[in-house]
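Peer 1: Below is the file target.txt, with compact mmCIF, C-alpha atoms.
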```txt
# COMPACT_ATOMS: atom_id res chain seq x y z
CA ASP A 78 27.53 43.63 58.82
CA GLY A 79 29.26 46.87 59.84
CA GLY A 80 27.93 50.09 58.44
CA ILE A 81 25.91 53.25 58.76
CA THR A 82 22.13 53.02 58.83
CA GLN A 83 19.85 55.92 58.11
CA SER A 84 16.14 55.66 58.61
CA PRO A 85 13.66 56.10 57.18
CA LYS A 86 14.63 56.15 53.49
CA TYR A 87 11.71 58.46 52.64
CA LEU A 88 9.98 60.87 55.00
CA PHE A 89 7.02 63.15 54.46
CA ARG A 90 6.04 65.90 56.88
CA LYS A 91 3.67 68.80 56.98
CA GLU A 92 5.06 72.30 57.00
CA GLY A 93 5.69 73.60 60.51
CA GLN A 94 6.36 70.21 62.07
CA ASN A 95 9.68 69.18 63.54
CA VAL A 96 11.09 65.90 62.27
CA THR A 97 14.01 63.76 63.45
CA LEU A 98 16.21 61.74 61.11
CA SER A 99 17.98 58.73 62.53
CA CYS A 100 21.63 57.77 61.95
CA GLU A 101 23.26 54.76 63.61
CA GLN A 102 26.73 53.28 63.03
CA ASN A 103 28.35 50.10 64.32
CA LEU A 104 31.83 50.85 62.97
CA ASN A 105 33.08 52.14 66.35
CA HIS A 106 33.81 55.48 64.67
CA ASP A 107 34.33 58.53 66.87
CA ALA A 108 33.27 61.18 64.35
CA MET A 109 29.87 61.59 62.71
CA TYR A 110 28.53 64.13 60.23
CA TRP A 111 25.32 65.39 58.64
CA TYR A 112 25.26 66.76 55.10
CA ARG A 113 22.44 68.16 53.03
CA GLN A 114 22.21 67.63 49.26
CA ASP A 115 19.91 69.56 46.95
CA PRO A 116 19.21 68.51 43.34
CA GLY A 117 22.21 69.04 41.10
CA GLN A 118 24.35 70.29 43.95
CA GLY A 119 27.15 69.06 46.15
CA LEU A 120 27.07 68.21 49.83
CA ARG A 121 26.83 70.96 52.41
CA LEU A 122 27.82 70.37 56.02
CA ILE A 123 25.08 70.86 58.62
CA TYR A 124 26.62 69.61 61.88
CA TYR A 125 29.43 67.32 62.94
CA SER A 126 30.57 65.60 66.10
CA GLN A 127 34.10 64.46 66.87
CA ILE A 128 33.25 62.78 70.16
CA VAL A 129 30.30 61.85 72.34
CA ASN A 130 28.51 64.79 74.00
CA ASP A 131 30.20 67.30 71.70
CA PHE A 132 29.21 68.71 68.31
CA GLN A 133 29.93 71.75 66.11
CA LYS A 134 27.93 73.74 63.57
CA GLY A 135 28.75 73.34 59.92
CA ASP A 136 28.04 75.75 57.08
CA ILE A 137 24.23 75.57 57.16
CA ALA A 138 23.26 74.77 60.77
CA GLU A 139 20.37 77.25 61.06
CA GLY A 140 17.05 75.47 61.52
CA TYR A 141 18.67 72.18 62.54
CA SER A 142 19.65 70.59 65.85
CA VAL A 143 21.60 67.47 66.81
CA SER A 144 22.57 65.41 69.82
CA ARG A 145 25.37 62.92 70.46
CA GLU A 146 24.49 61.06 73.62
CA LYS A 147 25.88 57.76 72.36
CA LYS A 148 28.87 56.98 70.18
CA GLU A 149 26.70 54.96 67.80
CA SER A 150 23.96 57.53 67.24
CA PHE A 151 23.78 61.07 65.82
CA PRO A 152 20.14 62.07 65.19
CA LEU A 153 19.31 65.22 63.25
CA THR A 154 16.18 67.27 63.97
CA VAL A 155 14.85 69.48 61.22
CA THR A 156 12.90 72.20 62.98
CA SER A 157 10.11 74.44 61.76
CA ALA A 158 12.68 77.26 61.63
CA GLN A 159 14.33 75.65 58.59
CA LYS A 160 12.89 77.64 55.68
CA ASN A 161 13.42 75.07 52.94
CA PRO A 162 13.73 71.62 54.52
CA THR A 163 12.93 69.46 51.49
CA ALA A 164 16.24 67.80 50.55
CA PHE A 165 18.31 64.61 50.60
CA TYR A 166 20.06 64.20 53.96
CA LEU A 167 23.25 62.17 54.28
CA CYS A 168 24.89 60.94 57.46
CA ALA A 169 28.54 59.89 57.53
CA SER A 170 31.14 58.69 60.01
CA SER A 171 34.92 58.47 60.20
CA PRO A 172 37.29 56.79 62.66
CA GLY A 173 38.16 60.08 64.31
CA PRO A 174 40.70 62.91 64.46
CA GLY A 175 43.42 62.48 61.88
CA ALA A 176 41.31 60.04 59.85
CA THR A 177 39.65 61.98 57.09
CA GLU A 178 37.95 59.19 55.11
CA ALA A 179 34.21 59.44 55.68
CA PHE A 180 31.75 56.64 55.02
CA PHE A 181 28.14 57.41 54.20
CA GLY A 182 24.73 55.98 54.92
CA GLN A 183 22.12 55.54 52.20
CA GLY A 184 20.43 58.85 52.89
CA THR A 185 16.96 60.05 53.87
CA ARG A 186 14.85 61.98 51.39
CA LEU A 187 12.72 64.45 53.32
CA THR A 188 9.74 66.06 51.63
CA VAL A 189 7.80 68.78 53.40
CA VAL A 190 4.34 69.52 52.05
CA GLY B 43 33.64 77.14 54.42
CA GLN B 44 36.27 76.20 51.87
CA GLN B 45 35.28 76.13 48.20
CA LEU B 46 36.18 73.36 45.78
CA ASN B 47 35.72 73.96 42.06
CA GLN B 48 34.94 70.74 40.25
CA SER B 49 34.75 70.41 36.48
CA PRO B 50 33.20 69.56 34.21
CA GLN B 51 29.70 69.76 35.67
CA SER B 52 28.48 66.99 33.40
CA MET B 53 29.76 64.64 30.72
CA PHE B 54 28.01 62.48 28.15
CA ILE B 55 30.30 59.90 26.60
CA GLN B 56 30.24 56.70 24.58
CA GLU B 57 30.98 53.36 26.21
CA GLY B 58 34.68 52.59 25.96
CA GLU B 59 35.84 56.19 26.09
CA ASP B 60 38.17 57.54 28.76
CA VAL B 61 36.99 60.23 31.17
CA SER B 62 38.85 62.92 33.07
CA MET B 63 37.57 65.29 35.72
CA ASN B 64 39.33 67.60 38.14
CA CYS B 65 38.98 69.62 41.28
CA THR B 66 40.75 72.81 42.32
CA SER B 67 40.94 74.88 45.45
CA SER B 68 42.28 78.31 46.32
CA SER B 69 43.88 76.89 49.47
CA ILE B 70 46.14 73.96 50.21
CA PHE B 71 44.60 70.60 51.05
CA ASN B 72 46.32 67.78 52.92
CA THR B 73 43.88 65.10 51.75
CA TRP B 74 41.94 64.54 48.56
CA LEU B 75 39.17 61.98 48.25
CA TRP B 76 37.02 60.90 45.32
CA TYR B 77 33.51 59.53 45.78
CA LYS B 78 30.84 58.14 43.45
CA GLN B 79 27.12 58.54 44.10
CA ASP B 80 24.44 56.44 42.42
CA PRO B 81 20.93 57.96 42.17
CA GLY B 82 19.16 58.00 45.52
CA GLU B 83 22.12 56.51 47.38
CA GLY B 84 24.93 57.75 49.59
CA PRO B 85 28.38 58.47 48.12
CA VAL B 86 30.87 55.60 48.07
CA LEU B 87 34.58 56.22 48.54
CA LEU B 88 36.65 55.36 45.44
CA ILE B 89 40.16 56.64 46.09
CA ALA B 90 41.96 58.49 48.90
CA LEU B 91 45.14 60.56 48.37
CA TYR B 92 47.41 61.79 51.16
CA LYS B 93 50.66 63.04 49.61
CA ALA B 94 51.42 65.73 47.04
CA GLY B 95 52.20 64.06 43.73
CA GLU B 96 50.66 60.75 44.79
CA LEU B 97 49.16 58.73 41.95
CA THR B 98 46.77 55.96 42.97
CA SER B 99 44.78 53.45 40.94
CA ASN B 100 41.70 51.41 41.75
CA GLY B 101 40.88 49.18 38.79
CA ARG B 102 40.02 51.43 35.86
CA LEU B 103 40.17 54.52 38.06
CA THR B 104 43.29 56.61 38.56
CA ALA B 105 43.56 59.71 40.72
CA GLN B 106 46.39 62.12 41.47
CA PHE B 107 47.11 64.58 44.25
CA GLY B 108 48.45 67.72 42.58
CA ILE B 109 51.98 68.87 43.39
CA THR B 110 50.75 72.30 44.45
CA ARG B 111 48.30 70.59 46.87
CA LYS B 112 45.54 72.74 45.39
CA ASP B 113 44.17 70.30 42.86
CA SER B 114 43.38 66.68 42.08
CA PHE B 115 42.13 64.78 39.07
CA LEU B 116 40.28 61.52 38.49
CA ASN B 117 40.54 59.47 35.30
CA ILE B 118 38.28 56.59 34.31
CA SER B 119 39.52 54.41 31.49
CA ALA B 120 37.40 52.35 29.10
CA SER B 121 34.07 53.52 30.55
CA ILE B 122 31.17 51.10 30.95
CA PRO B 123 27.46 51.78 31.56
CA SER B 124 27.72 51.15 35.30
CA ASP B 125 30.11 54.10 35.59
CA VAL B 126 27.05 56.33 35.35
CA GLY B 127 26.61 58.49 38.41
CA ILE B 128 27.85 61.63 40.12
CA TYR B 129 31.51 61.87 41.05
CA PHE B 130 32.52 64.14 43.92
CA CYS B 131 35.89 65.34 45.03
CA ALA B 132 36.34 66.09 48.71
CA GLY B 133 39.19 67.38 50.78
CA GLN B 134 40.52 68.34 54.15
CA PRO B 135 42.26 71.76 54.20
CA LEU B 136 45.84 71.91 55.48
CA VAL B 137 45.23 75.08 57.48
CA ASN B 138 43.91 74.25 60.91
CA THR B 139 40.69 76.23 61.11
CA GLY B 140 39.32 74.01 63.82
CA ARG B 141 36.92 72.50 61.33
CA ARG B 142 37.35 68.76 61.10
CA ALA B 143 35.01 67.79 58.31
CA LEU B 144 35.34 67.24 54.59
CA THR B 145 34.50 69.92 52.05
CA PHE B 146 32.88 68.64 48.86
CA GLY B 147 32.94 69.80 45.27
CA SER B 148 29.68 70.30 43.38
CA GLY B 149 30.06 67.03 41.48
CA THR B 150 30.52 65.80 37.91
CA ARG B 151 27.50 64.01 36.47
CA LEU B 152 28.62 61.23 34.11
CA GLN B 153 26.37 59.58 31.56
CA VAL B 154 27.59 56.69 29.41
CA GLN B 155 25.92 55.77 26.15
CA PRO B 156 26.08 51.99 25.51
```
Using structure tokens, write down the structure that the file contains.

Peer 2:
Amino acid sequence: DGGITQSPKYLFRKEGQNVTLSCEQNLNHDAMYWYRQDPGQGLRLIYYSQIVNDFQKGDIAEGYSVSREKKESFPLTVTSAQKNPTAFYLCASSPGPGATEAFFGQGTRLTVV
Amino acid sequence: GQQLNQSPQSMFIQEGEDVSMNCTSSSIFNTWLWYKQDPGEGPVLLIALYKAGELTSNGRLTAQFGITRKDSFLNISASIPSDVGIYFCAGQPLVNTGRRALTFGSGTRLQVQP
């Protein structure tokens, strides 16, 4: 089955620890995205990548880092510099430049205690 | 980034009623998309619009790309309990700012009373 897989579904971490969220896609899409969703709010763009080995900051990149070493994978690291990391994180992909339809994974709910 | 104003923020309706929600922007968009999100899940694409004035249906859902390119609406006819969820509009601005990612509205939370 083709799709986008985020893991884990739920993640708990202690304050001050870095944590990495996984996102894998087997749709052969060029572009991948990370969004953050807080309760009762819309999706805010953290980082995106249009092609392997390249990525750009979104609207709320501070405290986050990403890598795009493989086309299929776009992991997101939530660092200790992120002041309020508890949120629902969504990964998405799209075929590439000129194709705007994005398809989402099931999300990872991160709770920092 | 770009701002999308989505309204209403929430709706509570009776099963069988029709629903309408809309999204507006201060700038021109060349694509409008509508997504639905179930609790604890990722958004699922419902309808995509690419031309000003375009009217597209997907079952009981109908969406339109506004003629001014600054707005879009989504209608749901004869609502059923499984329509419950959060509906998001999303768009790609026409102006090339170098940003190639969707901007999302804040969502409309729909509740349907059986």

Peer 1: Considering only C-alpha atoms, extract the chain A residues located within 6 Å of chain B and return them as a PDB file with C-alpha atoms, in the coordinates of the input.

Peer 2:
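Everything below was put into iface-v4.pdb:
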```
ATOM      1  CA  GLN A 118      24.350  70.290  43.950  1.00  0.00           C
ATOM      2  CA  GLY A 119      27.150  69.060  46.150  1.00  0.00           C
ATOM      3  CA  LEU A 120      27.070  68.210  49.830  1.00  0.00           C
ATOM      4  CA  PHE A 181      28.140  57.410  54.200  1.00  0.00           C
ATOM      5  CA  GLY A 182      24.730  55.980  54.920  1.00  0.00           C
ATOM      6  CA  GLN A 183      22.120  55.540  52.200  1.00  0.00           C
ATOM      7  CA  GLY A 184      20.430  58.850  52.890  1.00  0.00           C
TER       8      GLY A 184
END
```

Peer 1: Record the distance separating atom CA of Ser52 of chain B and atom CA of Asn64 of chain B, expressed in Å with one decimal.

Peer 2: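 Between atom CA of Ser52 of chain B and atom CA of Asn64 of chain B the gap works out to 11.9 Å.
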
Peer 1: So that I can check the surroundings of Gln106 of chain B, please list as a ChimeraX atom specification every protein, DNA and RNA residue that reaches within 8 Å of it, counting all atoms listed in the file and ignoring chain neighbours fewer than 5 positions away.

Peer 2: /B:91,95-98,114-116

Peer 1: Please work out which residues fall within 6 Å of (15.2, 65.1, 61.8), coordinates as given in the file, with only C-alpha atoms counting, and return them as JSON, numbers by chain.

Peer 2: {"A": [96, 97, 98, 153, 154, 155]}

Peer 1: Name the residues, using the chain letters and numbers of the file, that sit within 7 Å of (38.3, 57.1, 30.6) when counting all atoms listed in the file, and give them as a PyMOL selection string.

Peer 2: chain B and resi 59-62+117-121

Peer 1: To one decimal in Å, tell me the separation between atom CA of Thr66 of chain B and atom CA of Lys134 of chain A.

Peer 2: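 Between these atoms lies a distance of 24.8 Å.
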
Peer 1: I'd like the neighbourhood of Arg111 of chain B as a ChimeraX atom specification, where a residue qualifies if any of its atoms comes within 6 Å (using all atoms listed in the file), though same-chain residues fewer than 3 positions away should be ignored.

Peer 2: /B:70-71,94,108

Peer 1: Mind checking which residues fall within 8 Å of Ser144 of chain A, counting all atoms listed in the file, ignoring those fewer than 6 positions away in the same chain, and posting them as number ranges by chain?

Peer 2: A: 130, 132, 151-153

Peer 1: Go ahead and dump the residues you just picked, C-alpha atoms, as a compact mmCIF listing (two decimals), keeping the file's coordinate frame.

Peer 2:
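Ended up saving to again.txt:
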```txt
# COMPACT_ATOMS: atom_id res chain seq x y z
CA ASN A 130 28.51 64.79 74.00
CA PHE A 132 29.21 68.71 68.31
CA PHE A 151 23.78 61.07 65.82
CA PRO A 152 20.14 62.07 65.19
CA LEU A 153 19.31 65.22 63.25
```

Peer 1: What is the distance, in Å and to one decimal place, between atom CA of Gln45 of chain B and atom CA of Arg121 of chain A?

Peer 2: 10.8 Å
